[in-house]
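*Asks:* Structure file input.cif (mmCIF, C-alpha atoms (C1' of nucleotides)) right here:
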data_target
loop_
_atom_site.label_atom_id
_atom_site.label_comp_id
_atom_site.auth_asym_id
_atom_site.auth_seq_id
_atom_site.Cartn_x
_atom_site.Cartn_y
_atom_site.Cartn_z
CA MET A 1 226.60 23.47 -60.20
CA ILE A 2 223.33 25.34 -59.84
CA ARG A 3 222.73 27.80 -62.60
CA ALA A 4 219.46 29.59 -63.24
CA GLU A 5 218.83 29.03 -66.89
CA ALA A 6 215.20 29.60 -67.80
CA ALA A 7 214.40 29.12 -71.44
CA ASP A 8 213.77 32.79 -72.09
CA ILE A 9 216.72 34.10 -70.15
CA PRO A 10 219.72 33.80 -72.40
CA ASP A 11 222.66 31.98 -70.87
CA ASP A 12 225.55 34.33 -71.35
CA SER A 13 228.04 32.18 -69.55
CA ALA A 14 229.80 31.79 -72.85
CA LEU A 15 230.19 35.50 -73.48
CA ARG A 16 230.14 37.54 -70.35
CA THR A 17 233.46 38.10 -68.68
CA PRO A 18 233.50 37.25 -65.00
CA ASP A 19 232.71 39.93 -62.48
CA ARG A 20 236.00 39.51 -60.71
CA LEU A 21 237.81 40.49 -63.85
CA ARG A 22 235.54 43.41 -64.48
CA ARG A 23 236.39 44.88 -61.10
CA ARG A 24 240.15 44.55 -61.08
CA ALA A 25 241.74 47.87 -61.91
CA SER A 26 244.86 46.16 -63.22
CA ARG A 27 242.84 44.04 -65.60
CA LEU A 28 240.68 46.91 -66.78
CA LEU A 29 243.81 48.89 -67.45
CA SER A 30 245.38 46.10 -69.45
CA GLN A 31 242.34 45.50 -71.58
CA LEU A 32 241.54 49.11 -72.21
CA THR A 33 245.13 49.98 -73.00
CA MET A 34 245.41 47.14 -75.45
CA ARG A 35 242.51 48.58 -77.38
CA SER A 36 243.61 52.17 -76.99
CA ASP A 37 247.11 51.32 -78.17
CA ARG A 38 245.72 49.61 -81.21
CA LEU A 39 243.63 52.63 -82.09
CA ILE A 40 246.56 54.97 -81.69
CA THR A 41 249.01 52.83 -83.59
CA GLU A 42 246.64 52.31 -86.48
CA GLY A 43 245.54 55.92 -86.52
CA LEU A 44 249.09 57.18 -86.70
CA ALA A 45 250.15 54.52 -89.18
CA ARG A 46 247.63 55.93 -91.62
CA THR A 47 249.95 58.91 -92.03
CA GLY A 48 253.12 56.88 -91.77
CA ALA A 49 253.87 57.97 -88.22
CA ARG A 50 254.47 56.04 -85.05
CA LYS A 51 253.79 57.02 -81.50
CA TRP A 52 257.43 57.48 -80.62
CA HIS A 53 257.74 60.12 -83.27
CA TYR A 54 255.23 62.15 -81.37
CA ALA A 55 256.98 61.68 -78.06
CA VAL A 56 260.33 62.77 -79.43
CA LEU A 57 259.00 65.71 -81.41
CA ALA A 58 256.96 66.90 -78.46
CA SER A 59 259.98 66.73 -76.22
CA LEU A 60 262.07 68.73 -78.67
CA GLN A 61 259.34 71.31 -79.11
CA GLU A 62 258.83 71.86 -75.42
CA TYR A 63 262.36 71.66 -74.08
CA GLY A 64 264.48 72.48 -77.09
CA PRO A 65 267.34 70.53 -78.63
CA GLY A 66 269.02 67.79 -76.68
CA SER A 67 271.23 64.79 -76.88
CA GLN A 68 269.80 61.38 -77.64
CA ALA A 69 270.24 60.32 -74.05
CA GLU A 70 268.31 63.36 -72.87
CA LEU A 71 265.52 62.64 -75.32
CA SER A 72 265.43 59.11 -74.08
CA ARG A 73 264.94 60.25 -70.50
CA ARG A 74 262.35 62.85 -71.36
CA SER A 75 260.28 60.59 -73.54
CA GLY A 76 260.66 57.35 -71.67
CA ILE A 77 261.85 55.62 -74.81
CA HIS A 78 264.71 53.28 -74.18
CA ARG A 79 268.12 54.54 -75.13
CA SER A 80 268.64 51.70 -77.58
CA ASP A 81 265.34 52.28 -79.35
CA ILE A 82 265.71 56.00 -79.83
CA VAL A 83 268.34 55.39 -82.47
CA GLY A 84 265.84 53.92 -84.88
CA VAL A 85 263.23 56.53 -84.17
CA LEU A 86 265.69 59.32 -84.88
CA ASN A 87 266.78 57.60 -88.06
CA GLU A 88 263.20 57.66 -89.25
CA LEU A 89 262.67 61.25 -88.19
CA ALA A 90 265.92 62.44 -89.76
CA GLU A 91 265.15 60.56 -92.95
CA ARG A 92 261.94 62.57 -93.22
CA HIS A 93 263.78 65.79 -92.36
CA LEU A 94 261.64 66.37 -89.30
CA VAL A 95 264.72 66.51 -87.16
CA GLU A 96 268.38 67.48 -87.49
CA ARG A 97 271.09 65.29 -86.05
CA ALA A 98 274.43 67.02 -85.57
CA PRO A 99 277.50 66.10 -83.54
CA ASP A 100 278.05 68.22 -80.44
CA PRO A 101 281.34 70.06 -80.84
CA ALA A 102 281.59 70.53 -77.08
CA ASP A 103 281.22 66.84 -76.30
CA ARG A 104 282.12 64.57 -79.11
CA ARG A 105 280.22 61.64 -77.69
CA ARG A 106 276.90 63.40 -78.10
CA ASN A 107 274.60 64.11 -80.99
CA ILE A 108 272.51 67.23 -80.71
CA ILE A 109 269.01 66.73 -82.03
CA THR A 110 267.04 69.72 -83.23
CA ILE A 111 263.50 69.85 -84.49
CA SER A 112 263.10 71.31 -87.98
CA PRO A 113 260.35 73.67 -89.19
CA ARG A 114 258.94 70.73 -91.04
CA GLY A 115 259.11 68.78 -87.79
CA ARG A 116 257.08 71.45 -86.02
CA ARG A 117 254.50 71.32 -88.73
CA HIS A 118 254.37 67.55 -88.50
CA LEU A 119 254.00 67.77 -84.74
CA ARG A 120 250.95 69.99 -85.16
CA LEU A 121 249.48 67.43 -87.51
CA LEU A 122 250.13 64.60 -85.08
CA ASP A 123 248.58 66.65 -82.31
CA LYS A 124 245.43 66.99 -84.35
CA ILE A 125 245.30 63.32 -85.18
CA LEU A 126 245.89 62.34 -81.59
CA ASP A 127 243.21 64.74 -80.40
CA GLY A 128 240.80 62.83 -82.57
CA LEU A 129 242.02 59.46 -81.42
CA ASP A 130 241.97 60.37 -77.73
CA ASP A 131 238.47 61.57 -78.35
CA GLU A 132 237.61 58.18 -79.66
CA VAL A 133 239.21 56.47 -76.68
CA LEU A 134 237.31 58.62 -74.20
CA ALA A 135 234.16 58.74 -76.29
CA PRO A 136 231.65 57.57 -73.68
CA LEU A 137 232.75 60.10 -71.07
CA SER A 138 231.56 63.64 -70.57
CA GLN A 139 234.12 66.41 -70.63
CA ALA A 140 234.16 66.63 -66.85
CA GLU A 141 234.64 62.89 -66.59
CA ARG A 142 237.45 62.96 -69.09
CA ASP A 143 239.24 65.63 -67.11
CA GLN A 144 238.82 63.66 -63.94
CA PHE A 145 239.97 60.48 -65.59
CA VAL A 146 243.10 62.10 -66.97
CA ARG A 147 243.77 63.72 -63.63
CA LEU A 148 243.55 60.40 -61.83
CA LEU A 149 245.72 58.71 -64.43
CA GLY A 150 248.30 61.42 -64.03
CA ARG A 151 248.43 61.05 -60.29
CA LEU A 152 248.74 57.30 -60.54
CA LEU A 153 251.48 57.50 -63.10
CA ASP A 154 253.39 60.08 -61.10
CA HIS A 155 253.24 57.85 -58.11
CA HIS A 156 254.66 54.92 -60.01
CA THR A 157 257.29 56.92 -61.81
CA GLY A 158 258.85 58.30 -58.68
CA THR A 159 258.33 61.87 -59.84
CA SER A 160 259.31 63.91 -56.84
CA MET B 1 264.86 78.94 -78.15
CA ILE B 2 264.44 81.06 -75.05
CA ARG B 3 264.72 79.09 -71.88
CA ALA B 4 264.84 80.58 -68.43
CA GLU B 5 267.72 78.87 -66.79
CA ALA B 6 268.90 80.76 -63.70
CA ALA B 7 271.78 79.18 -61.87
CA ASP B 8 269.76 78.18 -58.84
CA ILE B 9 266.74 76.92 -60.70
CA PRO B 10 267.52 73.41 -61.79
CA ASP B 11 267.06 72.79 -65.49
CA ASP B 12 264.84 69.77 -65.66
CA SER B 13 264.68 69.67 -69.42
CA ALA B 14 266.61 66.45 -69.22
CA LEU B 15 264.16 64.73 -66.90
CA ARG B 16 260.69 66.15 -67.09
CA THR B 17 258.43 64.57 -69.61
CA PRO B 18 256.72 67.05 -71.92
CA ASP B 19 253.35 68.41 -70.97
CA ARG B 20 251.74 67.19 -74.15
CA LEU B 21 252.56 63.65 -73.21
CA ARG B 22 251.35 64.12 -69.67
CA ARG B 23 247.93 65.15 -70.92
CA ARG B 24 247.25 62.50 -73.51
CA ALA B 25 244.95 59.86 -72.08
CA SER B 26 246.26 57.24 -74.48
CA ARG B 27 249.81 57.86 -73.39
CA LEU B 28 248.98 57.91 -69.70
CA LEU B 29 247.17 54.64 -70.15
CA SER B 30 250.10 53.03 -71.90
CA GLN B 31 252.64 54.12 -69.35
CA LEU B 32 250.57 53.31 -66.33
CA THR B 33 249.53 49.94 -67.67
CA MET B 34 253.10 49.02 -68.42
CA ARG B 35 253.97 49.58 -64.79
CA SER B 36 250.82 47.99 -63.47
CA ASP B 37 251.33 44.92 -65.63
CA ARG B 38 254.86 44.57 -64.37
CA LEU B 39 253.70 44.73 -60.79
CA ILE B 40 251.00 42.15 -61.35
CA THR B 41 253.19 39.78 -63.32
CA GLU B 42 255.99 39.91 -60.79
CA GLY B 43 253.63 39.70 -57.85
CA LEU B 44 251.94 36.61 -59.22
CA ALA B 45 255.22 35.06 -60.33
CA ARG B 46 256.34 35.04 -56.73
CA THR B 47 253.84 32.23 -56.16
CA GLY B 48 254.41 30.62 -59.54
CA ALA B 49 251.16 31.92 -61.01
CA ARG B 50 250.43 33.96 -64.10
CA LYS B 51 247.63 36.36 -64.74
CA TRP B 52 245.88 34.07 -67.17
CA HIS B 53 245.54 31.47 -64.48
CA TYR B 54 243.44 33.93 -62.56
CA ALA B 55 241.29 34.81 -65.53
CA VAL B 56 240.52 31.20 -66.31
CA LEU B 57 239.93 30.12 -62.73
CA ALA B 58 237.69 33.10 -62.12
CA SER B 59 235.67 32.28 -65.19
CA LEU B 60 235.25 28.69 -64.09
CA GLN B 61 234.29 29.71 -60.61
CA GLU B 62 231.65 32.19 -61.68
CA TYR B 63 230.11 30.43 -64.66
CA GLY B 64 230.92 26.83 -64.05
CA PRO B 65 232.64 24.32 -66.32
CA GLY B 66 233.02 25.04 -69.97
CA SER B 67 234.81 24.12 -73.14
CA GLN B 68 238.13 25.68 -73.97
CA ALA B 69 236.53 27.86 -76.61
CA GLU B 70 234.03 29.15 -74.07
CA LEU B 71 236.77 29.92 -71.61
CA SER B 72 238.60 31.74 -74.32
CA ARG B 73 235.62 33.96 -75.02
CA ARG B 74 234.88 34.62 -71.38
CA SER B 75 238.42 35.46 -70.43
CA GLY B 76 239.54 37.25 -73.57
CA ILE B 77 242.50 34.93 -73.89
CA HIS B 78 243.15 33.86 -77.43
CA ARG B 79 241.98 30.39 -78.34
CA SER B 80 245.49 29.31 -79.25
CA ASP B 81 246.96 30.50 -75.97
CA ILE B 82 244.43 28.88 -73.69
CA VAL B 83 245.92 25.50 -74.45
CA GLY B 84 249.14 26.28 -72.65
CA VAL B 85 247.40 27.91 -69.73
CA LEU B 86 245.21 24.86 -69.23
CA ASN B 87 248.23 22.61 -69.47
CA GLU B 88 249.80 24.51 -66.61
CA LEU B 89 246.62 24.51 -64.56
CA ALA B 90 245.96 20.83 -65.13
CA GLU B 91 249.55 19.99 -64.30
CA ARG B 92 249.03 21.60 -60.91
CA HIS B 93 245.68 19.88 -60.50
CA LEU B 94 243.84 23.16 -60.25
CA VAL B 95 241.62 22.14 -63.12
CA GLU B 96 240.23 18.98 -64.65
CA ARG B 97 240.26 18.47 -68.40
CA ALA B 98 237.88 15.83 -69.66
CA PRO B 99 236.53 15.05 -73.12
CA ASP B 100 232.88 15.95 -73.63
CA PRO B 101 230.98 12.73 -74.38
CA ALA B 102 228.19 14.72 -76.03
CA ASP B 103 230.51 16.50 -78.45
CA ARG B 104 233.76 14.77 -79.08
CA ARG B 105 235.46 17.89 -80.35
CA ARG B 106 235.20 19.56 -76.98
CA ASN B 107 237.07 19.31 -73.73
CA ILE B 108 235.13 20.15 -70.63
CA ILE B 109 237.18 22.07 -68.11
CA THR B 110 236.22 21.95 -64.45
CA ILE B 111 237.76 23.75 -61.54
CA SER B 112 239.00 21.48 -58.76
CA PRO B 113 238.70 22.11 -55.01
CA ARG B 114 242.37 22.85 -55.04
CA GLY B 115 241.71 25.25 -57.88
CA ARG B 116 239.13 27.07 -55.80
CA ARG B 117 241.57 27.35 -52.98
CA HIS B 118 244.20 28.68 -55.32
CA LEU B 119 241.75 31.18 -56.73
CA ARG B 120 241.12 32.54 -53.26
CA LEU B 121 244.84 32.94 -52.78
CA LEU B 122 245.22 34.73 -56.09
CA ASP B 123 242.33 36.98 -55.15
CA LYS B 124 244.13 37.98 -52.02
CA ILE B 125 247.40 38.60 -53.78
CA LEU B 126 245.70 40.64 -56.46
CA ASP B 127 243.82 42.66 -53.88
CA GLY B 128 247.18 43.67 -52.49
CA LEU B 129 248.63 44.41 -55.89
CA ASP B 130 245.65 46.45 -57.03
CA ASP B 131 246.00 48.32 -53.81
CA GLU B 132 249.54 49.10 -54.74
CA VAL B 133 248.54 50.23 -58.21
CA LEU B 134 245.85 52.54 -56.87
CA ALA B 135 247.84 53.55 -53.81
CA PRO B 136 247.70 57.33 -54.20
CA LEU B 137 243.91 57.41 -54.59
CA SER B 138 241.28 57.62 -51.88
CA GLN B 139 238.65 54.92 -51.75
CA ALA B 140 236.10 57.16 -53.43
CA GLU B 141 238.56 58.01 -56.16
CA ARG B 142 239.41 54.37 -56.69
CA ASP B 143 235.76 53.53 -57.13
CA GLN B 144 235.30 56.33 -59.57
CA PHE B 145 238.40 55.36 -61.47
CA VAL B 146 237.31 51.76 -61.79
CA ARG B 147 233.84 52.86 -62.80
CA LEU B 148 235.21 55.06 -65.57
CA LEU B 149 237.56 52.34 -66.73
CA GLY B 150 234.68 49.92 -66.89
CA ARG B 151 232.55 52.24 -68.97
CA LEU B 152 235.41 52.90 -71.36
CA LEU B 153 236.21 49.25 -71.74
CA ASP B 154 232.57 48.35 -72.30
CA HIS B 155 232.35 50.92 -75.02
CA HIS B 156 235.39 49.52 -76.81
CA THR B 157 234.37 45.93 -76.38
CA GLY B 158 231.01 46.31 -77.97
CA THR B 159 229.27 44.94 -74.88
CA SER B 160 225.64 45.46 -75.61
"C1'" DC C 1 298.00 58.82 -65.34
"C1'" DG C 2 294.25 55.05 -64.53
"C1'" DA C 3 289.56 54.17 -63.28
"C1'" DT C 4 285.04 55.30 -63.83
"C1'" DT C 5 281.12 57.16 -66.02
"C1'" DG C 6 278.27 58.54 -69.92
"C1'" DC C 7 277.42 58.39 -74.94
"C1'" DG C 8 275.51 56.18 -79.35
"C1'" DT C 9 274.95 51.92 -81.53
"C1'" DT C 10 274.16 47.00 -82.57
"C1'" DA C 11 272.44 42.47 -81.82
"C1'" DG C 12 269.71 39.76 -79.39
"C1'" DT C 13 266.06 38.13 -75.63
"C1'" DG C 14 261.54 37.34 -73.70
"C1'" DC C 15 256.94 38.34 -73.59
"C1'" DC C 16 252.60 38.83 -75.56
"C1'" DA C 17 248.64 39.02 -78.70
"C1'" DC C 18 247.51 37.28 -82.75
"C1'" DC C 19 247.40 34.57 -87.35
"C1'" DA C 20 247.27 30.37 -90.38
"C1'" DA C 21 246.59 25.94 -90.89
"C1'" DC C 22 245.52 21.22 -89.64
"C1'" DG C 23 242.76 17.07 -88.65
"C1'" DA C 24 238.73 15.76 -86.32
"C1'" DT C 25 234.04 16.36 -85.41
"C1'" DG C 26 229.38 18.37 -85.54
"C1'" DT C 27 225.54 20.93 -88.07
"C1'" DA C 28 222.65 22.68 -91.91
"C1'" DC C 29 220.46 22.02 -95.98
"C1'" DG C 30 219.58 20.64 -100.82
"C1'" DC D 1 221.46 10.68 -97.62
"C1'" DG D 2 225.44 13.46 -98.76
"C1'" DT D 3 227.96 17.43 -99.14
"C1'" DA D 4 229.26 21.94 -97.86
"C1'" DC D 5 230.19 24.57 -93.95
"C1'" DA D 6 231.23 25.76 -89.05
"C1'" DT D 7 233.44 24.72 -84.70
"C1'" DC D 8 236.86 22.58 -81.66
"C1'" DG D 9 241.64 21.83 -79.87
"C1'" DT D 10 246.22 22.15 -81.20
"C1'" DT D 11 250.65 23.52 -83.35
"C1'" DG D 12 254.00 26.57 -85.25
"C1'" DG D 13 254.97 30.92 -86.44
"C1'" DT D 14 254.87 36.35 -86.80
"C1'" DG D 15 255.39 41.04 -85.44
"C1'" DG D 16 255.66 44.46 -82.01
"C1'" DC D 17 257.51 46.00 -77.92
"C1'" DA D 18 260.45 46.96 -73.80
"C1'" DC D 19 264.55 45.69 -72.33
"C1'" DT D 20 269.58 43.67 -71.78
"C1'" DA D 21 274.44 43.04 -72.98
"C1'" DA D 22 278.18 44.44 -74.94
"C1'" DC D 23 281.05 47.34 -77.85
"C1'" DG D 24 284.22 51.38 -78.93
"C1'" DC D 25 284.68 55.97 -77.91
"C1'" DA D 26 284.93 60.26 -75.29
"C1'" DA D 27 284.86 62.92 -71.01
"C1'" DT D 28 285.68 63.31 -66.13
"C1'" DC D 29 287.22 62.24 -61.48
"C1'" DG D 30 290.87 61.30 -58.09
#
Take the structure in the file and give it back as structure tokens.
*Replies:*
Amino acid sequence: MIRAEAADIPDDSALRTPDRLRRRASRLLSQLTMRSDRLITEGLARTGARKWHYAVLASLQEYGPGSQAELSRRSGIHRSDIVGVLNELAERHLVERAPDPADRRRNIITISPRGRRHLRLLDKILDGLDDEVLAPLSQAERDQFVRLLGRLLDHHTGTS
Amino acid sequence: MIRAEAADIPDDSALRTPDRLRRRASRLLSQLTMRSDRLITEGLARTGARKWHYAVLASLQEYGPGSQAELSRRSGIHRSDIVGVLNELAERHLVERAPDPADRRRNIITISPRGRRHLRLLDKILDGLDDEVLAPLSQAERDQFVRLLGRLLDHHTGTS
DNA sequence: CGATTGCGTTAGTGCCACCAACGATGTACG
DNA sequence: CGTACATCGTTGGTGGCACTAACGCAATCG
């Protein structure tokens, strides 16, 4: 194995991650998302929130009340996980859970005034955190990045 | 809640994910990465490989043999997880694990000819998979995307 | 009517990154 | 020299997350 290793050129073979890995979009995505997710989770945890709270509240705010199954589809949270999220939200009175008189299988979930207020808070926090995630990029680059991400995600979600 | 809902305009409140979520970089990253990771994992599994195999083999190929701790640092795989990966690689004779005579704590890991061959295969497979992930983007856009990802990751990795 | 589909809920699975601790070995320093 | 400390490979375990399986119940289709 021939490796240039002059005394004054530091050998970074122990630290530097291989070029192949630094070029693979899939790998870059994984690594970056791991870090981004950590930031978000920790940032929200500081106020006792979790990222699913935001997804559900945002869905309710933008599309109005809905059944749990609807919320699940809108937010991408699995139907069996939404239960717990709604328990937490209802416990904090950010959301109202009421049986649907027209279809007794369903619960109708409604966002409360307090929920709207909380959503605004989360929006602010997340603005800050997204800022942190995208820190090294200029505004134009951020827009482009988000645009590309959106197109990619749409493609893989089967959004017609 | 006022919602325009004419009879012939389909109400997509049940399907469409809220705009807020579609704009948050952190969220887009999470969602896209989840799908990308699935693609990669399944694609590699079809040949019995896992993504860590690639990371380790690539590191060995580009920087030469190294101890397990070095490999861990280069590949970002946790020190306690590398053990299993190397077991799998050694089992398939893609890698040689030998005690370091100069430092009896260390194992020196070397890639085998078969390992190099396998790495080339994985490279091909991953090329295809990355292609799938980035499918909707033009070549120029892909380059830009990867460039932005790289800058973001560098920033969050503390790469000097 | 029966069969099928959708709902909310519970328990559990598999994967993944990470932590804690260990015995063994090397290194630094009084 | 000896002792404290750091590093190595390894094991077992933890917590978070998306997801599955199955359930009892209600609505709907044919």
*Asks:* List as a tab-separated table every residue of segment 90-118 of chain A that is in contact with segment 6-25 of chain C, defined as an atom at most 10 Å from one of its atoms (using all atoms listed in the file), together with the nearest atom pair and the distance in Å rounded to one decimal, sorted by chain and then rising number.
*Replies:*
residue	atom	partner	partner_atom	distance
A:Asp103	CA	C:DC7	C1'	9.4
A:Arg104	CA	C:DC7	C1'	8.8
A:Arg105	CA	C:DC7	C1'	5.1
A:Arg106	CA	C:DC7	C1'	5.9
A:Asn107	CA	C:DG8	C1'	8.1
*Asks:* In Å, with one decimal, what is the gap from atom CA of Leu153 of chain B to atom CA of Lys51 of chain A?
*Replies:*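 Taking atom CA of Leu153 of chain B and atom CA of Lys51 of chain A, their separation equals 21.6 Å.
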*Asks:* Could you write out as a list in words the residues that the PyMOL selection byres ((chain B) within 12 of (chain D)) matches in the shown file?
*Replies:*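 Selection result, ordered by chain and number: Ser30, Gln31, Met34, Arg35, Arg38, Ser67, Gln68, Ala69, Glu70, Ser72, Arg79, Ser80, Asp81, Ile82, Val83, Gly84, Leu86, Asn87, Pro99, Asp100, Asp103, Arg104, Arg105, Arg106, Asn107 and Ile108 of chain B.
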*Asks:* State, in Å with one decimal place, the distance from atom CA of Val95 of chain A to atom CA of Ser112 of chain A.
*Replies:*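 Answer for the atom CA of Val95 of chain A to atom CA of Ser112 of chain A separation: 5.1 Å.
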*Asks:* Take chain A, superimpose it onto chain B by least squares using every C-alpha atom paired in sequence order, and output the result as a compact mmCIF listing (two decimals) with C-alpha atoms, in the coordinates of the input.
*Replies:*
# COMPACT_ATOMS: atom_id res chain seq x y z
CA MET A 1 265.55 78.95 -78.31
CA ILE A 2 264.74 81.05 -75.27
CA ARG A 3 264.82 79.10 -72.07
CA ALA A 4 264.70 80.61 -68.61
CA GLU A 5 267.57 78.99 -66.82
CA ALA A 6 268.61 80.95 -63.75
CA ALA A 7 271.46 79.44 -61.82
CA ASP A 8 269.32 78.47 -58.86
CA ILE A 9 266.41 77.11 -60.83
CA PRO A 10 267.32 73.61 -61.84
CA ASP A 11 266.98 72.89 -65.54
CA ASP A 12 264.84 69.81 -65.69
CA SER A 13 264.69 69.68 -69.43
CA ALA A 14 266.63 66.47 -69.22
CA LEU A 15 264.20 64.75 -66.89
CA ARG A 16 260.73 66.13 -67.09
CA THR A 17 258.46 64.55 -69.63
CA PRO A 18 256.75 67.02 -71.92
CA ASP A 19 253.38 68.40 -70.97
CA ARG A 20 251.77 67.18 -74.14
CA LEU A 21 252.59 63.64 -73.19
CA ARG A 22 251.39 64.10 -69.67
CA ARG A 23 247.97 65.13 -70.90
CA ARG A 24 247.28 62.47 -73.48
CA ALA A 25 244.97 59.85 -72.05
CA SER A 26 246.30 57.23 -74.45
CA ARG A 27 249.85 57.85 -73.35
CA LEU A 28 249.01 57.91 -69.67
CA LEU A 29 247.21 54.63 -70.11
CA SER A 30 250.15 53.04 -71.86
CA GLN A 31 252.67 54.14 -69.30
CA LEU A 32 250.61 53.32 -66.28
CA THR A 33 249.59 49.94 -67.64
CA MET A 34 253.16 49.04 -68.40
CA ARG A 35 254.02 49.58 -64.77
CA SER A 36 250.86 47.99 -63.44
CA ASP A 37 251.38 44.93 -65.61
CA ARG A 38 254.90 44.57 -64.35
CA LEU A 39 253.74 44.72 -60.76
CA ILE A 40 251.05 42.14 -61.35
CA THR A 41 253.23 39.78 -63.31
CA GLU A 42 256.01 39.89 -60.77
CA GLY A 43 253.64 39.66 -57.84
CA LEU A 44 251.97 36.58 -59.22
CA ALA A 45 255.23 35.02 -60.35
CA ARG A 46 256.35 34.98 -56.73
CA THR A 47 253.84 32.18 -56.17
CA GLY A 48 254.40 30.58 -59.54
CA ALA A 49 251.18 31.90 -61.03
CA ARG A 50 250.45 33.95 -64.09
CA LYS A 51 247.66 36.35 -64.74
CA TRP A 52 245.88 34.08 -67.17
CA HIS A 53 245.53 31.48 -64.49
CA TYR A 54 243.45 33.92 -62.56
CA ALA A 55 241.28 34.80 -65.52
CA VAL A 56 240.52 31.18 -66.32
CA LEU A 57 239.93 30.12 -62.73
CA ALA A 58 237.69 33.09 -62.11
CA SER A 59 235.67 32.29 -65.18
CA LEU A 60 235.23 28.68 -64.11
CA GLN A 61 234.27 29.70 -60.59
CA GLU A 62 231.66 32.18 -61.68
CA TYR A 63 230.10 30.46 -64.67
CA GLY A 64 230.88 26.82 -64.07
CA PRO A 65 232.59 24.32 -66.35
CA GLY A 66 232.97 25.05 -70.01
CA SER A 67 234.77 24.15 -73.16
CA GLN A 68 238.11 25.70 -73.99
CA ALA A 69 236.52 27.88 -76.62
CA GLU A 70 234.00 29.16 -74.09
CA LEU A 71 236.76 29.92 -71.62
CA SER A 72 238.60 31.74 -74.32
CA ARG A 73 235.62 33.98 -75.00
CA ARG A 74 234.88 34.63 -71.36
CA SER A 75 238.42 35.45 -70.42
CA GLY A 76 239.54 37.24 -73.53
CA ILE A 77 242.50 34.92 -73.86
CA HIS A 78 243.13 33.86 -77.40
CA ARG A 79 241.97 30.41 -78.32
CA SER A 80 245.48 29.32 -79.24
CA ASP A 81 246.98 30.50 -75.96
CA ILE A 82 244.45 28.88 -73.68
CA VAL A 83 245.92 25.50 -74.46
CA GLY A 84 249.14 26.27 -72.65
CA VAL A 85 247.40 27.90 -69.73
CA LEU A 86 245.20 24.86 -69.23
CA ASN A 87 248.20 22.59 -69.47
CA GLU A 88 249.78 24.48 -66.61
CA LEU A 89 246.60 24.51 -64.57
CA ALA A 90 245.92 20.81 -65.15
CA GLU A 91 249.51 19.95 -64.31
CA ARG A 92 248.98 21.58 -60.92
CA HIS A 93 245.62 19.84 -60.51
CA LEU A 94 243.78 23.14 -60.25
CA VAL A 95 241.58 22.14 -63.12
CA GLU A 96 240.18 18.97 -64.68
CA ARG A 97 240.22 18.48 -68.42
CA ALA A 98 237.83 15.82 -69.69
CA PRO A 99 236.48 15.07 -73.15
CA ASP A 100 232.83 15.97 -73.66
CA PRO A 101 230.92 12.78 -74.42
CA ALA A 102 228.14 14.77 -76.07
CA ASP A 103 230.46 16.56 -78.47
CA ARG A 104 233.69 14.81 -79.10
CA ARG A 105 235.41 17.91 -80.38
CA ARG A 106 235.18 19.61 -77.01
CA ASN A 107 237.04 19.33 -73.75
CA ILE A 108 235.08 20.16 -70.65
CA ILE A 109 237.13 22.07 -68.12
CA THR A 110 236.17 21.94 -64.47
CA ILE A 111 237.73 23.74 -61.57
CA SER A 112 238.95 21.48 -58.76
CA PRO A 113 238.65 22.09 -55.00
CA ARG A 114 242.32 22.83 -55.04
CA GLY A 115 241.67 25.25 -57.89
CA ARG A 116 239.08 27.08 -55.81
CA ARG A 117 241.51 27.35 -52.98
CA HIS A 118 244.18 28.65 -55.32
CA LEU A 119 241.73 31.17 -56.73
CA ARG A 120 241.11 32.53 -53.25
CA LEU A 121 244.83 32.90 -52.78
CA LEU A 122 245.22 34.71 -56.08
CA ASP A 123 242.34 36.97 -55.16
CA LYS A 124 244.15 37.95 -51.99
CA ILE A 125 247.41 38.57 -53.77
CA LEU A 126 245.72 40.62 -56.45
CA ASP A 127 243.85 42.64 -53.85
CA GLY A 128 247.22 43.63 -52.47
CA LEU A 129 248.68 44.39 -55.86
CA ASP A 130 245.69 46.43 -57.02
CA ASP A 131 246.05 48.29 -53.78
CA GLU A 132 249.58 49.08 -54.70
CA VAL A 133 248.57 50.21 -58.17
CA LEU A 134 245.89 52.53 -56.83
CA ALA A 135 247.89 53.53 -53.78
CA PRO A 136 247.71 57.32 -54.15
CA LEU A 137 243.93 57.39 -54.53
CA SER A 138 241.30 57.58 -51.84
CA GLN A 139 238.67 54.87 -51.72
CA ALA A 140 236.12 57.10 -53.40
CA GLU A 141 238.59 57.96 -56.13
CA ARG A 142 239.43 54.34 -56.67
CA ASP A 143 235.78 53.48 -57.10
CA GLN A 144 235.33 56.29 -59.54
CA PHE A 145 238.44 55.33 -61.44
CA VAL A 146 237.35 51.72 -61.77
CA ARG A 147 233.89 52.82 -62.78
CA LEU A 148 235.25 55.03 -65.53
CA LEU A 149 237.61 52.31 -66.71
CA GLY A 150 234.73 49.89 -66.86
CA ARG A 151 232.61 52.19 -68.94
CA LEU A 152 235.46 52.87 -71.32
CA LEU A 153 236.26 49.22 -71.71
CA ASP A 154 232.63 48.31 -72.28
CA HIS A 155 232.42 50.89 -74.97
CA HIS A 156 235.43 49.51 -76.77
CA THR A 157 234.45 45.90 -76.34
CA GLY A 158 231.08 46.28 -77.96
CA THR A 159 229.31 44.94 -74.89
CA SER A 160 225.68 45.49 -75.68
*Asks:* So how far away is atom CA of Arg73 of chain B from atom CA of Pro101 of chain B, in Å?
*Replies:*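 So the answer is 21.7 Å.
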*Asks:* Counting only C-alpha atoms, collect the residues of chain A whose closest atom lies at most 6 Å from chain B, and write them out as a count of residues only.
*Replies:* 19
*Asks:* Pick out the closest residue to chain C from this set: B:Arg46, B:His78, B:Arg97, B:His53. Count only C-alpha atoms (C1' of nucleotides).
*Replies:*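 Result for the nearest residue to chain C: B:His78.
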